[in-house]
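Undergrad: Attaching a single structure in structure tokens format; questions to follow.
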Number of protein chains: 4
Amino acid sequence: MPGHSHLFVPGPTTLPDRILRAMHRASEDHRSSAFPEFVKPLLTDLARLFRTERGEVALFHASGTGGWEIALTNTLAPGAQLLLPCAGQFAVLWGESARKLGYQVETFDDLAWGEAPPVDRIAGRLAEDSAHVIAAVLVVHNETSTGVTADLARVRAAMNRTGHPALLMIDGVSSIGSLEYRHDDWGVDVAITGSQKGLMLPAGLALLALSQKALARASAGGSPRAYFDLAAMLTANRAGYFPYTPSIPMLYGLRESLDMLLAEGLDAVSQRHRRLADGVRSAVQGWGLSRCCLDDHATSDTVTTILVPGSLDARRVIARAFTRYDLALGGGLGPLAGRAFRIGHLGDLNEGMLLGALALVEMCLIEEGMPLTAGSGVAAAERRWLEVPG
Amino acid sequence: MPGHSHLFVPGPTTLPDRILRAMHRASEDHRSSAFPEFVKPLLTDLARLFRTERGEVALFHASGTGGWEIALTNTLAPGAQLLLPCAGQFAVLWGESARKLGYQVETFDDLAWGEAPPVDRIAGRLAEDSAHVIAAVLVVHNETSTGVTADLARVRAAMNRTGHPALLMIDGVSSIGSLEYRHDDWGVDVAITGSQKGLMLPAGLALLALSQKALARASAGGSPRAYFDLAAMLTANRAGYFPYTPSIPMLYGLRESLDMLLAEGLDAVSQRHRRLADGVRSAVQGWGLSRCCLDDHATSDTVTTILVPGSLDARRVIARAFTRYDLALGGGLGPLAGRAFRIGHLGDLNEGMLLGALALVEMCLIEEGMPLTAGSGVAAAERRWLEVPG
Amino acid sequence: MPGHSHLFVPGPTTLPDRILRAMHRASEDHRSSAFPEFVKPLLTDLARLFRTERGEVALFHASGTGGWEIALTNTLAPGAQLLLPCAGQFAVLWGESARKLGYQVETFDDLAWGEAPPVDRIAGRLAEDSAHVIAAVLVVHNETSTGVTADLARVRAAMNRTGHPALLMIDGVSSIGSLEYRHDDWGVDVAITGSQKGLMLPAGLALLALSQKALARASAGGSPRAYFDLAAMLTANRAGYFPYTPSIPMLYGLRESLDMLLAEGLDAVSQRHRRLADGVRSAVQGWGLSRCCLDDHATSDTVTTILVPGSLDARRVIARAFTRYDLALGGGLGPLAGRAFRIGHLGDLNEGMLLGALALVEMCLIEEGMPLTAGSGVAAAERRWLEVPG
Amino acid sequence: MPGHSHLFVPGPTTLPDRILRAMHRASEDHRSSAFPEFVKPLLTDLARLFRTERGEVALFHASGTGGWEIALTNTLAPGAQLLLPCAGQFAVLWGESARKLGYQVETFDDLAWGEAPPVDRIAGRLAEDSAHVIAAVLVVHNETSTGVTADLARVRAAMNRTGHPALLMIDGVSSIGSLEYRHDDWGVDVAITGSQKGLMLPAGLALLALSQKALARASAGGSPRAYFDLAAMLTANRAGYFPYTPSIPMLYGLRESLDMLLAEGLDAVSQRHRRLADGVRSAVQGWGLSRCCLDDHATSDTVTTILVPGSLDARRVIARAFTRYDLALGGGLGPLAGRAFRIGHLGDLNEGMLLGALALVEMCLIEEGMPLTAGSGVAAAERRWLEVPG
């Protein structure tokens, strides 16, 4: 199809030309004497992305879902008990992974999709657990299926009030590098992200930050693991190497990504995401549609899940967008299949790109029979951005 | 700036990823025994682009303006007299080139910018020229400064009616590869294009098609020329080579470009440009602005020149678009400076890209003080495209 | 440093321009309706690489060492007992991985590095194991540390003679895609390779082929696993998808790699590797040095491990090659550190590239004090290739 | 064919990865307000390449042969008389270009190919020309057909001694960016180079440096020209623009090329070329062959023209190298066709690349029947480089 495609799924995100260029590199010897000069500052800057000075970072060749496993097997004894509030698909999947690995997972099954992780219930459950059986609390920082962002600082504060020693592990796959994230300040023990969202890279790297408390548990015990063993990775990393052959293009891509994000400034990055998300939310309002997220304070600045009227099948909107206009939208996951579509608005993005996507979305909604005024969403987004110039 | 830039000048046009990839190639020996296997079909397919079977094509390493000179010096005796209707900047510049080279140029100086080349006056002038002093009629097929397309078939028919032997030379820089162009059917003698517009390549190639009549004049005479000598080029080309080192990336890029255009089909390409241009024209109407083109039948499907109200300086709109939204628009040229801006809509383009650009344009117009309804242009373009699905 | 670098470690290998170009692609939606049209033939052609029609293939985002774990955890019950002859570093490391995961590993500890896996001892050990306690025999097909290739057909035949039901799992990381490999014919149950050797890609994919017998064990049981769970992967793959976001560049790179290998022909590929390896072995002989491989029938066609005289430290040769001539050689691993260097000769390679590397090696040997005739190795390689034209 | 190709023609040269990456860029608006920030320092650094502070530089979109025409038409009156010593193909071709453009060319027709431009005869001829009819002396700095480098400082000194006002124009296509070149110090008036040799770019740019004297002649007169008009180019350049659409990839490639050359240092660059050329010359001696260059002081460090014995057809050697080993060698030009082959050793090159090429050359010579000891050339090159470490 003529022209470039419009990629508005919430990951993988659009690859900036700079990153594609940086990845277009000859292979090289990852055991050479020169390699550590490249690797060491890369890891230092990765720690800046997580905003950790007290913790350590690691990167593994795996998807973000591999990161879930790395977090669990390195820090938890076999069969450990976990608390994981589930109100979205990625929480569900993390829970499934944990069960496959033999852990016991408690999930607050009565949460509605679209709710944020319930801070008080987490605290309440920990307070009950006077035997400290619960080894870790798992929270999805930004639930990509519903467009809901958890308030991690509040979660940690509530945990602290109970005096419970459980680790706080978070899935930051669709937040870190886009939304505000403060590993040390927020007292997170294990944070996981993937390369294909805010980092603007292809999938293939699971990146983690770990607190000293998490690291201590990893050295003392954990569950059986080999490829995902943190100790071997950290030992090699400290010398500037990897325990196995790394992907040269991904490392150079990560170098470029960190250069871009740190040059823009992490605060500026999250403000840009806020601004762009505001435009999308205005458009949704302009269309007269509602968002899945039930609490405006928890609305996500990286992905918006949009509910369609009962008369419409969101899958048809998505299919038309893809085949007719080369626009990729995210589908409704789990119980939202057919009832919602998702717009990812994270990574290397600007107003013009988003306005083009919003215009296409409204054309597709009209073509699928929704009684919508052409231009209503785009106009609302424009007005929003004109009111608050970036 | 985050996100990709929005390039809507009427050339250079957006480079498709496929073409950039094709151009990312190791250098190679252009005198090898294998090279002709690559060059010969390339030239054959280039002839298909011009829709010529009876003529020949040639490509030179120069910009499209170099093509003007190639056309002139190869076919005209020193000091020859030319007829070139001037109602736009590129006609003016071609005339200046011709004068620098020592030719005499007659231009119908009373034409208004925005008029199409006046077929009847051309015919009338030729009819007067019973001594056949006029050696060639020069027509800009698509005047990029005003957004006006000449009717070449009518020009040729009118010339034929006079029985005058003048050559018909046309500048197809912003038309060929985008608009309908039929070298043989329309009886054009020399057609010139550049690589950076409809061909979706970087600048750097001047591509020409020549009728047998033009070729006969080139072998018989012409003016002094060396680098631009057609005879040397055609001799080398016929053997599958070039008289000097060609640009390997540009040739592979051209290969990919022709593959793309011929796979889509030249008719489909020009229909797509018509459809996209219709959307732009609807948006202009939606904004309540007028176009420079004075005759709707001559409106260009590759570039639209938009007049702004006297209260606005178009240069400020363009500057804001560029610095604030990473949107490049074309400026008003010559007498239109400050009074007009131009949107290029040619090459590798689709609705989503154009809708994003139109939305940005309306934001800039509003920010520069024009009393415009946000979304009015985008809505009009959407409605147009919804009415006539592509 | 001027000029391109000379990468002669046994992986990662030189990335062909074609593959780098193929990997330079915009991101795309891996859940689109079009994606299976790309994924399904990719997996079909991957099966052709393994030469399996009866088995199934899978690819995971992990390094080749991750492949070791995939093979084990999917097919073996917790604590299972394994037989893994160790006469080189990669056998040792696979064994360590297995032990970390809780399996019991028997290794024939008296094998000398440079020996091939002892077929008769394997068979003898299985024959003794009348209780069928041994769940799998693990063999490194091509031991990258010593330059020794196992005879898998003979291993399987010997195993068959014992009637023992143990699985045969092989590490083909530095063989598959370069050396002859026949999954079905040789009766291998699980074969593992990585992307960064014969496949000429960056590291990051673990690729496996599994027999029906192995697949049956995977569905029936295995050990706890989540990210590496074969069932989830195969279910998604059969529909043309992945259970998590795949790396778009790696998949397009794999597409190109398979196109290249299958177009050349797998037999031609292994013959080319044989021919190039013959030249390297001639050069080693020309230098008066010996190879680590103790049995000429087991000599590897992808990597040559070269022993240096006691007076020389191989690490200094390697360091000089890297810093002075931009030539990357493999180091001696484990007990061979300082005593040997390795030349990788696999992947996208030809005589000219190898001759350049051999010439640099002899310059470094001389500069490090070895009494060597300049040109002696290169001359021997040339003579070898002149005698047996490719 | 597997492996990368070996490009040893004397241009186009191997494109470094860095340059290919830099050229892989989205198109952009060459009339934007930001463009001059890129163009102005580019031209400043281009002047550093020519080592001119008193002169000006310009770049045109054309091949190096276009540069010949730019030099002539901008500075010479129609029909002007030129002195151009011809002892090689590129001098012959420059002369032909000049004659096509209507100039009169005197060439010292009795020079043998392989001779350097005869300084004393040039001076003698100018001394005779008391009427100052000769408008310019044209010298090919490095004659790519014979492998001979002119001594420009001596030419200028001899010209100065005669007090003759003729301009000194030089063709530096295969020297500038590789060999020492000092525009101001040597008193050159017009120097021409192309992008595809020492600058390590694709063909497509003609780059020139002009003295104030040459610039004065250009403003005062010259011959008819349009595309190649220096005044229009310099006016646009001074503002940071171009008079027509430039090639964005070529400009970014040039930026990278100048960064590479200036970072290495122009002196280091020419010393590297000297060192590498010494190795090639040693190899030729090792093979018992002779070079076309008749004077060792004038031997070229960028290209070596090697004469083969009468029993051999050099074309067969070249054909075999190309079809059998993917090695591109330069052919014998003009009277040297079949009698010589050429090795280009300029641009982005190192010892390992050159040793590989030399080894392939000796294999081809042997295969074509020359009684040569395998390894003799490579050994000689190695010894040379071992004696004089770089």
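In the structure tokens, chains take letters A, B, ... by order of appearance, with residues numbered from 1 within each chain and ligands from 1 in the order shown.
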Find the residues of chain C that sit at most 9 Å from chain D; for each, write down the nearest two atoms and how far apart they are in Å, to one decimal. Count only C-alpha atoms. Sort by chain, then by number going up, and give it as CSV.
TA:
residue,atom,partner,partner_atom,distance
C:Met1,CA,D:Asn350,CA,8.4
C:Pro2,CA,D:Asp348,CA,5.4
C:Gly3,CA,D:Leu349,CA,4.0
C:His4,CA,D:Leu349,CA,7.2
C:Ser5,CA,D:Gly352,CA,8.6
C:His6,CA,D:Gly352,CA,7.5
C:Thr14,CA,D:Gly3,CA,8.5
C:Pro16,CA,D:Gly3,CA,7.1
C:Asp17,CA,D:His4,CA,8.1
C:Met260,CA,D:Pro2,CA,9.0
C:Glu264,CA,D:Met1,CA,8.7
C:Arg324,CA,D:Gly390,CA,8.9
C:Tyr325,CA,D:Gly352,CA,7.1
C:Asp326,CA,D:Gly352,CA,8.4
C:Leu327,CA,D:Gly352,CA,8.1
C:Gly347,CA,D:Gly3,CA,8.1
C:Asp348,CA,D:Gly3,CA,4.5
C:Leu349,CA,D:Gly3,CA,4.0
C:Asn350,CA,D:Gly3,CA,5.0
C:Glu351,CA,D:Tyr325,CA,7.2
C:Gly352,CA,D:Gly356,CA,4.7
C:Met353,CA,D:Gly356,CA,5.9
C:Leu354,CA,D:Gly356,CA,7.2
C:Leu355,CA,D:Gly356,CA,4.9
C:Gly356,CA,D:Gly356,CA,3.7
C:Ala357,CA,D:Gly352,CA,6.3
C:Leu358,CA,D:Gly356,CA,8.6
C:Ala359,CA,D:Leu355,CA,6.5
C:Leu360,CA,D:Gly352,CA,6.1
C:Glu362,CA,D:Glu382,CA,8.7
C:Met363,CA,D:Glu382,CA,6.7
C:Ile366,CA,D:Leu386,CA,8.5
C:Glu367,CA,D:Leu386,CA,7.6
C:Thr373,CA,D:Ala379,CA,8.2
C:Ala374,CA,D:Ala379,CA,5.1
C:Gly375,CA,D:Ala379,CA,4.1
C:Ser376,CA,D:Gly375,CA,7.1
C:Gly377,CA,D:Gly375,CA,8.4
C:Val378,CA,D:Gly375,CA,6.0
C:Ala379,CA,D:Gly375,CA,4.2
C:Ala380,CA,D:Ala374,CA,7.9
C:Glu382,CA,D:Ala374,CA,6.4
C:Arg383,CA,D:Ala374,CA,6.5
C:Trp385,CA,D:Met363,CA,8.8
C:Leu386,CA,D:Met363,CA,7.2
C:Gly390,CA,D:Arg324,CA,8.9
Undergrad: Using only C-alpha atoms, determine which residues lie at most 7 Å from range 140-156 of chain D, disregarding the query and same-chain residues fewer than 5 positions distant; provide the list as a list in words.
TA: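 The residues that qualify are Gly88, Gln89, Phe90, Ala91, Trp113, Gly114, Ala116, Pro117, Val119, Ile170, Asp171, Gly172, Ser174, Ser175, Trp186, Gly187, Cys292, Cys293, Ala298, Thr299, Ser300, Val303, Thr304, Thr305 and Leu333 of chain D.
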Undergrad: Do a neighbour search on Met159 in chain A at 9 Å with only C-alpha atoms, toss out local chain neighbours closer than 2 positions, and write the hits as a list in words.
TA: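 Contacts, in chain order: Val119, Ile122, Ala123, Leu126, Ala127, Arg154, Val155, Arg156, Ala157, Arg161, Thr162, Gly163, His164, Pro165, Ala166 and Leu168 of chain A.
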Undergrad: DSSP says helix (DSSP H, G or I) for which residues of range 101-287 of chain B? Put them as a PyMOL selection string?
TA: chain B and resi 119-128+152-162+212-220+230-238+248-264+266-287
Undergrad: Provide the CA of Arg54 in chain D to CA of Ala236 in chain D distance in Å, to one decimal place.
TA: 19.3 Å
Undergrad: For the structure I just gave you, how does DSSP split range 239-315 of chain B - specifically, which residues are strand (DSSP E)? Reply as a PyMOL selection string.
TA: chain B and resi 290-291+303-307
